[in-house]
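Source file: work-v7.txt (compact mmCIF, C-alpha atoms)
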# COMPACT_ATOMS: atom_id res chain seq x y z
CA MET E 102 -16.63 3.78 -12.65
CA GLY E 103 -16.55 4.29 -8.90
CA GLU E 104 -14.44 6.42 -6.69
CA ILE E 105 -10.87 5.51 -5.73
CA ILE E 106 -10.41 5.86 -1.99
CA LYS E 107 -6.96 6.57 -0.61
CA VAL E 108 -5.53 4.62 2.27
CA GLY E 109 -2.60 6.23 4.12
CA MET E 110 0.29 4.69 6.01
CA ALA E 111 -0.86 2.77 9.10
CA ASP E 112 -4.42 3.20 7.92
CA LEU E 113 -7.22 1.02 6.56
CA LYS E 114 -10.46 1.51 4.65
CA VAL E 115 -13.29 -0.64 3.39
CA CYS E 116 -15.63 0.00 0.46
CA ALA E 117 -18.14 -1.67 -1.85
CA ALA E 118 -17.90 -2.01 -5.64
CA PRO E 119 -17.70 -0.08 -7.91
CA ASP E 120 -15.46 1.96 -5.59
CA ALA E 121 -11.81 0.98 -5.33
CA LEU E 122 -9.04 1.44 -2.79
CA THR E 123 -5.46 2.58 -3.27
CA THR E 124 -2.35 3.08 -1.22
CA LEU E 125 0.66 4.91 -2.64
CA GLY E 126 4.32 4.09 -2.34
CA LEU E 127 4.42 0.94 -0.26
CA GLY E 128 7.98 0.23 0.81
CA SER E 129 8.64 -2.25 3.56
CA CYS E 130 5.02 -1.90 4.58
CA ILE E 131 2.38 -4.32 3.29
CA GLY E 132 -0.90 -3.60 1.56
CA ILE E 133 -3.37 -6.33 2.52
CA ALA E 134 -6.40 -6.50 0.25
CA ILE E 135 -9.32 -8.64 1.40
CA ARG E 136 -12.71 -9.02 -0.27
CA ASP E 137 -15.92 -10.98 -0.29
CA PRO E 138 -16.44 -11.99 -3.95
CA ILE E 139 -20.22 -12.30 -3.59
CA THR E 140 -21.14 -9.00 -1.97
CA LYS E 141 -18.11 -7.35 -3.65
CA ILE E 142 -17.16 -5.62 -0.44
CA GLY E 143 -13.45 -5.14 -0.03
CA GLY E 144 -10.91 -3.56 2.25
CA LEU E 145 -7.29 -2.48 2.14
CA ALA E 146 -4.95 -2.16 5.11
CA HIS E 147 -1.50 -0.53 4.99
CA ILE E 148 0.43 -2.09 7.85
CA MET E 149 3.94 -1.12 8.95
CA LEU E 150 5.07 -3.65 11.54
CA PRO E 151 4.56 -7.37 12.00
CA ASP E 152 3.57 -7.78 15.61
CA SER E 153 1.74 -5.51 18.06
CA THR E 154 2.75 -7.63 21.03
CA GLN E 155 6.43 -6.77 20.48
CA ILE E 156 5.87 -3.04 20.80
CA LYS E 157 4.94 -1.04 23.88
CA ASN E 158 3.31 1.78 21.99
CA ASN E 159 0.68 -0.25 20.17
CA THR E 160 -2.51 1.79 20.44
CA ASN E 161 -2.76 2.30 16.68
CA LEU E 162 -4.34 -1.01 15.67
CA TYR E 163 -3.95 -0.27 11.97
CA LYS E 164 -0.17 -0.20 12.22
CA PHE E 165 0.42 -3.90 12.83
CA ALA E 166 -0.18 -7.02 10.75
CA ASP E 167 -1.95 -8.91 13.54
CA THR E 168 -4.30 -6.20 14.85
CA GLY E 169 -4.64 -4.55 11.43
CA ILE E 170 -6.00 -7.71 9.80
CA ASP E 171 -8.36 -8.28 12.74
CA GLU E 172 -9.72 -4.76 12.39
CA LEU E 173 -9.98 -5.04 8.61
CA ILE E 174 -12.09 -8.19 8.93
CA ARG E 175 -14.25 -6.67 11.67
CA LEU E 176 -15.03 -3.67 9.45
CA LEU E 177 -15.65 -5.83 6.37
CA ILE E 178 -18.20 -7.89 8.29
CA LEU E 179 -19.81 -4.71 9.62
CA LYS E 180 -20.19 -3.55 6.04
CA GLY E 181 -21.90 -6.78 5.04
CA ALA E 182 -19.13 -9.18 4.02
CA SER E 183 -19.26 -12.82 5.06
CA LYS E 184 -16.23 -14.07 6.98
CA GLN E 185 -16.41 -17.52 5.33
CA ARG E 186 -16.10 -16.07 1.85
CA LEU E 187 -13.17 -13.71 2.44
CA VAL E 188 -10.11 -14.03 0.22
CA ALA E 189 -6.85 -12.05 0.40
CA LYS E 190 -3.99 -10.72 -1.69
CA ILE E 191 -0.88 -8.99 -0.38
CA ALA E 192 1.81 -6.71 -1.85
CA GLY E 193 4.79 -4.77 -0.54
CA GLY E 194 7.35 -5.83 2.04
CA ALA E 195 10.36 -4.64 0.06
CA GLN E 196 13.81 -4.15 1.48
CA MET E 197 14.56 -0.60 0.35
CA PHE E 198 18.17 -0.43 1.50
CA ALA E 199 20.71 -3.21 1.20
CA PHE E 200 22.17 -2.93 4.67
CA GLN E 201 18.86 -2.77 6.49
CA ASN E 202 19.60 -6.28 7.68
CA LYS E 203 22.23 -4.80 10.00
CA SER E 204 19.80 -2.84 12.12
CA ASP E 205 17.70 -4.49 14.78
CA LEU E 206 14.65 -4.15 12.58
CA VAL E 207 15.97 -7.16 10.72
CA ARG E 208 14.34 -7.69 7.34
CA VAL E 209 11.21 -5.88 8.42
CA GLY E 210 9.66 -6.16 4.94
CA GLU E 211 10.07 -9.90 4.88
CA ARG E 212 8.85 -10.26 8.46
CA ASN E 213 5.81 -8.13 7.63
CA ALA E 214 4.95 -10.47 4.75
CA GLU E 215 5.40 -13.54 6.94
CA ALA E 216 3.28 -12.07 9.71
CA CYS E 217 0.46 -11.34 7.23
CA LYS E 218 0.57 -14.85 5.83
CA ASP E 219 0.58 -16.41 9.29
CA LYS E 220 -2.33 -14.29 10.42
CA LEU E 221 -4.39 -15.08 7.31
CA LYS E 222 -3.68 -18.78 7.71
CA GLN E 223 -4.73 -18.64 11.34
CA LEU E 224 -8.02 -17.03 10.29
CA ASN E 225 -8.50 -19.52 7.44
CA ILE E 226 -8.55 -16.79 4.81
CA PRO E 227 -7.06 -18.05 1.52
CA LEU E 228 -4.15 -16.01 0.15
CA LEU E 229 -4.86 -15.93 -3.58
CA ALA E 230 -1.81 -14.01 -4.73
CA GLN E 231 1.14 -12.01 -3.52
CA ASP E 232 3.82 -9.69 -4.83
CA THR E 233 6.26 -9.13 -1.99
CA GLY E 234 9.94 -8.63 -1.29
CA LEU E 235 12.66 -7.33 -3.63
CA ASN E 236 13.94 -3.79 -3.34
CA TYR E 237 11.46 -1.39 -4.89
CA GLY E 238 8.38 0.54 -3.83
CA ARG E 239 4.87 -0.28 -5.03
CA THR E 240 1.66 1.64 -5.51
CA VAL E 241 -1.39 -0.59 -5.37
CA VAL E 242 -5.03 -0.28 -6.42
CA PHE E 243 -7.59 -2.84 -5.28
CA PHE E 244 -10.90 -3.37 -7.04
CA PRO E 245 -13.43 -5.25 -4.89
CA GLU E 246 -15.60 -5.61 -8.02
CA THR E 247 -13.18 -8.03 -9.74
CA GLY E 248 -10.66 -8.72 -7.01
CA ASN E 249 -7.96 -7.30 -9.26
CA TYR E 250 -4.97 -5.98 -7.38
CA VAL E 251 -3.03 -3.62 -9.64
CA ILE E 252 0.63 -2.98 -8.80
CA LYS E 253 2.69 -0.10 -10.15
CA ALA E 254 6.39 0.54 -9.57
CA VAL E 255 8.87 3.13 -10.80
CA GLY E 256 10.34 2.12 -14.17
CA LYS E 257 8.34 -1.13 -14.33
CA GLU E 258 5.33 -2.38 -16.21
CA GLU E 259 2.06 -2.25 -14.38
CA SER E 260 0.98 -5.70 -13.24
CA VAL E 261 -2.24 -7.25 -11.96
CA ILE E 262 -2.40 -10.06 -9.46
CA MET F 201 12.36 4.00 31.13
CA SER F 202 12.92 6.80 28.72
CA LYS F 203 11.66 10.15 29.85
CA PHE F 204 11.36 11.25 26.27
CA ASN F 205 8.09 10.85 24.46
CA LEU F 206 7.72 12.01 20.87
CA ASN F 207 4.01 12.55 21.25
CA GLU F 208 4.33 14.70 24.33
CA MET F 209 7.36 16.69 23.34
CA SER F 210 7.73 19.97 25.19
CA GLN F 211 8.48 23.22 23.41
CA THR F 212 11.97 23.29 24.92
CA TYR F 213 12.87 19.86 23.57
CA TYR F 214 11.46 20.88 20.25
CA ASP F 215 13.58 24.03 20.23
CA VAL F 216 16.71 22.08 21.05
CA LEU F 217 16.12 19.64 18.22
CA LYS F 218 15.38 22.56 15.95
CA GLU F 219 18.63 24.26 16.87
CA ILE F 220 20.58 21.06 16.26
CA GLY F 221 18.84 20.90 12.91
CA ASN F 222 19.80 24.47 12.22
CA ILE F 223 23.48 24.07 13.00
CA GLY F 224 23.63 20.74 11.26
CA ALA F 225 22.06 22.10 8.12
CA GLY F 226 24.45 25.07 8.27
CA ASN F 227 27.43 22.76 8.31
CA ALA F 228 25.91 20.70 5.56
CA THR F 229 25.55 23.84 3.45
CA THR F 230 29.20 24.72 3.91
CA ALA F 231 30.18 21.19 2.95
CA LEU F 232 27.97 21.38 -0.13
CA ALA F 233 29.46 24.71 -1.16
CA GLN F 234 33.00 23.38 -0.82
CA MET F 235 32.15 20.31 -2.80
CA LEU F 236 30.47 22.20 -5.62
CA GLN F 237 32.87 25.12 -5.40
CA CYS F 238 30.11 27.61 -5.68
CA LYS F 239 28.00 29.73 -3.38
CA VAL F 240 25.20 27.87 -1.65
CA ASP F 241 22.68 29.59 0.56
CA MET F 242 20.32 28.00 2.97
CA LYS F 243 16.91 28.98 4.18
CA VAL F 244 16.05 28.60 7.84
CA PRO F 245 15.38 24.92 8.30
CA GLN F 246 11.99 23.83 9.46
CA VAL F 247 11.66 21.17 12.07
CA LYS F 248 8.38 19.37 11.98
CA LEU F 249 6.80 16.57 13.86
CA LEU F 250 4.52 15.00 11.31
CA SER F 251 2.10 12.14 11.19
CA PHE F 252 2.98 9.46 8.64
CA SER F 253 0.36 10.61 6.19
CA GLU F 254 1.55 14.22 6.22
CA VAL F 255 5.14 13.39 5.32
CA GLY F 256 4.43 12.10 1.84
CA ILE F 257 2.24 15.09 1.09
CA LEU F 258 4.94 17.53 2.16
CA MET F 259 7.38 16.02 -0.32
CA GLY F 260 4.99 16.36 -3.22
CA GLY F 261 3.03 13.16 -2.81
CA GLU F 262 3.87 9.59 -1.92
CA GLU F 263 4.58 8.76 -5.54
CA GLN F 264 7.07 11.58 -6.06
CA VAL F 265 10.35 9.97 -7.10
CA MET F 266 13.10 10.85 -4.65
CA ALA F 267 16.68 9.90 -3.94
CA GLY F 268 17.11 8.71 -0.39
CA ILE F 269 20.53 8.24 1.17
CA TYR F 270 20.46 6.26 4.35
CA LEU F 271 23.16 5.65 6.96
CA LEU F 272 23.25 3.79 10.22
CA VAL F 273 24.63 5.60 13.23
CA GLU F 274 26.58 3.98 16.01
CA GLY F 275 28.66 5.09 18.97
CA ASP F 276 27.23 6.87 22.01
CA ILE F 277 23.93 7.21 20.25
CA ARG F 278 22.41 4.60 17.97
CA GLY F 279 19.96 4.98 15.18
CA SER F 280 20.00 6.07 11.58
CA ILE F 281 19.93 9.19 9.48
CA MET F 282 18.37 9.75 6.09
CA PHE F 283 18.85 12.54 3.59
CA LEU F 284 16.22 12.92 0.90
CA LEU F 285 16.33 14.89 -2.30
CA GLU F 286 13.77 15.31 -5.00
CA TYR F 287 14.76 13.35 -8.12
CA HIS F 288 15.47 16.32 -10.40
CA SER F 289 17.34 18.16 -7.66
CA ALA F 290 19.45 15.05 -7.24
CA ARG F 291 20.21 14.95 -10.95
CA ASN F 292 21.12 18.61 -11.03
CA LEU F 293 23.35 18.21 -8.05
CA VAL F 294 25.18 15.24 -9.53
CA ALA F 295 25.57 17.05 -12.85
CA LYS F 296 27.07 20.01 -11.05
CA LEU F 297 29.42 17.87 -9.03
CA MET F 298 30.65 15.91 -12.01
CA GLY F 299 30.79 18.98 -14.19
CA MET F 300 28.61 17.62 -16.94
CA GLN F 301 25.00 17.17 -17.88
CA CYS F 302 23.48 13.84 -16.91
CA GLU F 303 22.19 11.97 -19.90
CA GLY F 304 19.01 9.97 -20.07
CA GLU F 305 16.52 9.54 -17.27
CA GLU F 306 18.39 6.92 -15.28
CA PHE F 307 21.36 7.41 -13.03
CA THR F 308 24.54 5.61 -14.12
CA GLU F 309 26.62 3.63 -11.65
CA MET F 310 29.06 6.52 -11.44
CA GLU F 311 26.32 9.07 -10.80
CA MET F 312 24.78 6.90 -8.09
CA SER F 313 28.15 6.66 -6.45
CA ALA F 314 28.50 10.46 -6.60
CA LEU F 315 25.05 10.83 -5.08
CA LYS F 316 25.98 8.53 -2.22
CA GLU F 317 29.05 10.62 -1.63
CA ILE F 318 26.95 13.78 -1.54
CA GLY F 319 24.70 12.13 1.02
CA ASN F 320 27.70 11.01 2.97
CA ILE F 321 29.19 14.49 3.13
CA ILE F 322 25.93 16.22 3.96
CA THR F 323 24.86 13.79 6.66
CA GLY F 324 28.45 13.72 7.92
CA ALA F 325 28.42 17.49 8.34
CA TYR F 326 25.12 17.26 10.13
CA LEU F 327 26.23 14.50 12.49
CA ASN F 328 29.48 16.33 13.13
CA SER F 329 27.63 19.33 14.48
CA LEU F 330 25.47 17.09 16.62
CA SER F 331 28.58 15.40 17.96
CA THR F 332 30.38 18.69 18.66
CA LEU F 333 27.36 20.16 20.35
CA THR F 334 26.67 17.21 22.60
CA GLY F 335 30.20 15.85 23.10
CA LEU F 336 28.89 12.44 22.09
CA THR F 337 30.77 10.11 19.78
CA ILE F 338 28.87 9.28 16.61
CA TYR F 339 30.01 6.94 13.85
CA PRO F 340 28.03 6.81 10.63
CA SER F 341 28.10 3.68 8.47
CA VAL F 342 28.70 3.66 4.72
CA PRO F 343 25.74 5.17 2.90
CA ASP F 344 23.21 3.29 0.85
CA LEU F 345 21.03 4.79 -1.84
CA SER F 346 17.52 4.16 -3.03
CA ILE F 347 15.78 5.95 -5.87
CA ASP F 348 12.09 5.27 -5.60
CA MET F 349 8.72 6.68 -4.56
CA ALA F 350 8.84 8.98 -1.54
CA GLY F 351 6.37 6.80 0.33
CA ALA F 352 8.46 3.69 -0.17
CA ILE F 353 11.71 5.34 0.92
CA LEU F 354 10.01 6.97 3.89
CA SER F 355 8.57 3.67 5.00
CA VAL F 356 12.03 2.83 6.30
CA PRO F 357 12.34 5.68 8.84
CA ALA F 358 8.59 5.60 9.42
CA ILE F 359 8.81 1.97 10.51
CA GLU F 360 11.67 2.84 12.86
CA PHE F 361 9.66 5.67 14.34
CA GLY F 362 6.65 3.40 14.19
CA THR F 363 8.06 1.22 16.94
CA LEU F 364 7.92 4.30 19.17
CA GLY F 365 4.91 6.31 18.09
CA ASP F 366 2.86 7.57 15.20
CA LYS F 367 4.93 10.57 14.23
CA LEU F 368 8.13 11.32 12.44
CA LEU F 369 10.62 14.08 13.21
CA LEU F 370 11.66 15.78 10.02
CA ILE F 371 14.10 18.59 9.31
CA GLN F 372 13.44 20.32 6.04
CA THR F 373 16.27 22.35 4.59
CA GLN F 374 16.12 24.39 1.46
CA PHE F 375 19.44 25.04 -0.20
CA THR F 376 19.39 27.83 -2.72
CA ASP F 377 22.01 28.04 -5.36
CA GLU F 378 21.73 28.79 -9.04
CA ILE F 379 19.30 25.94 -8.70
CA GLU F 380 16.90 25.51 -5.83
CA LEU F 381 17.32 22.40 -3.80
CA ASP F 382 14.93 20.94 -1.30
CA GLY F 383 16.57 18.53 1.07
CA TYR F 384 15.11 16.67 4.01
CA PHE F 385 16.90 15.16 6.96
CA ILE F 386 15.36 12.54 9.10
CA LEU F 387 17.33 11.67 12.19
CA ILE F 388 16.16 8.52 13.89
CA PRO F 389 17.86 7.94 17.21
CA ASP F 390 16.51 5.23 19.45
CA MET F 391 14.74 6.40 22.60
CA GLU F 392 17.77 6.08 24.86
CA SER F 393 19.72 8.20 22.45
CA TYR F 394 17.14 10.98 22.64
CA ASP F 395 17.70 11.04 26.39
CA LYS F 396 21.45 11.04 25.89
CA ILE F 397 21.31 13.92 23.43
CA LEU F 398 19.11 16.01 25.70
CA ASN F 399 21.04 15.08 28.85
CA SER F 400 24.34 16.04 27.28
CA LEU F 401 22.85 19.45 26.54
CA GLY F 402 21.87 19.79 30.19
CA MET F 403 18.17 19.28 29.62

So, in terms of structure tokens, how does the structure I just supplied come out?
Amino acid sequence: MGEIIKVGMADLKVCAAPDALTTLGLGSCIGIAIRDPITKIGGLAHIMLPDSTQIKNNTNLYKFADTGIDELIRLLILKGASKQRLVAKIAGGAQMFAFQNKSDLVRVGERNAEACKDKLKQLNIPLLAQDTGLNYGRTVVFFPETGNYVIKAVGKEESVI
Amino acid sequence: MSKFNLNEMSQTYYDVLKEIGNIGAGNATTALAQMLQCKVDMKVPQVKLLSFSEVGILMGGEEQVMAGIYLLVEGDIRGSIMFLLEYHSARNLVAKLMGMQCEGEEFTEMEMSALKEIGNIITGAYLNSLSTLTGLTIYPSVPDLSIDMAGAILSVPAIEFGTLGDKLLLIQTQFTDEIELDGYFILIPDMESYDKILNSLGM
């Protein structure tokens, strides 16, 4: 059994099996898990916002879906993953408060999920599974060994996608 | 262009925000005492500018279950305010307010409604002091409640701050009563509103 490495908010990490990656309490943010099934190298990014080009203060590349995924892939390749083999799973993007749609950050969870999907499509990385939306927080654990993406939520059964 | 920058905040600005936090929390304490009809004390609030990763840790970990009450703010300043309470504190508070012990582990509809009202009164008291101090008009919206992991609840203000920088301005208030109560305020004005607040105070 390997080590479980923690990924914070607006952060990303890569590792090789048997190590695993986790990020705790995803709300409207998205946890993007990408791995190379052959070398069993995987990475997890915890992004907060959909688009770096919409924001002036965008120096933190890990914060946005577009730049975050680019960085994640760059680091995966550096660690020995092959770009052609990469596959992805995503979780998070909840709407924590009902009236959030009134603020100008309209449906940020949903937009985060869409931005991730668009970006992955653009990079030709297959999205194998997703657990996004609804109104509750998620803790995720990603195992590059198997590709299992374990999702835990308060008062709910643990699930694996 | 806003002259205010969260990442380069001067000590004076910091002190002003701290003082607003202080007075706001004071008013909130009075409101809480009136509501519970008992004595409530408050420790000196701490104002902290934290990175996203530090916030979850401060509240006992990202997976700590909390009650978050969130309101939108409109008027002269725009933004939102959030009041967070640790789950068991929230239960104790509701039990005290309703004059009975909460049963089971889940909040009932009625208890959730009471919790929203507590959030409403506490944030109202806080915003009131901000309004009085600055002479700005502030209208809060109806409150909404989420009971979930601290990290998930905090993602909402963090994302709002995230459009501006990589830090979050947090006011931590400890209410002491027969039970100890840790409450956290997060005020999230937009950048123009920061300027307005500071300008109105002659900064």

**Q.** Near-stretch 228-244 of chain E list (6 Å; all atoms listed in the file; drop same-chain fewer than 5 positions) as a PyMOL selection string
**A.** (chain E and resi 121-128+189-197+249-254) or (chain F and resi 352)

Q: For E:Ala182, list every protein, DNA or RNA residue within 10 Å, evaluated using all atoms listed in the file, and leave out those in the same chain fewer than 6 positions away; present the list as a ChimeraX atom specification.
A: /E:117,136-143,174-176

Using all atoms listed in the file, tabulate the residues of chain F lying at most 6 Å from any atom of chain E, each with its closest atom pair and that distance in Å to one decimal, by chain and increasing residue number, as CSV.
residue,atom,partner,partner_atom,distance
F:Ser253,CA,E:Gly109,CA,5.7
F:Glu262,CA,E:Gly126,CA,5.5
F:Glu263,CA,E:Gly126,CA,5.7
F:Met349,CA,E:Gly126,CA,5.6
F:Gly351,CA,E:Gly126,CA,4.3
F:Ala352,CA,E:Gly128,CA,3.6
F:Ser355,CA,E:Gly128,CA,5.5
F:Ile359,CA,E:Met149,CA,6.0
F:Leu364,CA,E:Asn158,CA,6.0

Q) So how many Å separate atom CA of F:Gly402 and atom CA of F:Gly275, to one decimal? A)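 Going from atom CA of F:Gly402 over to atom CA of F:Gly275 covers 19.7 Å.
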
Q: Mind checking which residues fall within 12 Å of F:Glu274, counting only C-alpha atoms, ignoring those fewer than 3 positions away in the same chain, and posting them as a PyMOL selection string?
A: (chain E and resi 203-204) or (chain F and resi 271+277-281+327+331+336-342+388-390+393)

Q: Mind giving me the straight-line distance from atom CA of F:Tyr214 to atom CA of F:Leu249 in Å, one decimal?
A: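 Atom CA of F:Leu249 lies at a distance of 9.0 Å from atom CA of F:Tyr214.
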
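With all atoms listed in the file as the atoms that count, the minimum distance from E:Gly144 to the choices E:Gly248, E:Ile226, E:Asp167, E:Ala216 is reached by E:Gly248.
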
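Put simply, atom CA of F:Ser251 is 14.5 Å away from atom CA of F:Val356.
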
Q. If I put a ball of radius 12 Å at (27.2, 22.3, -11.2) in the file's coordinates, which residues poke into it when counting all atoms listed in the file, written as a PyMOL selection string?
A. chain F and resi 232-240+289-302+377-379
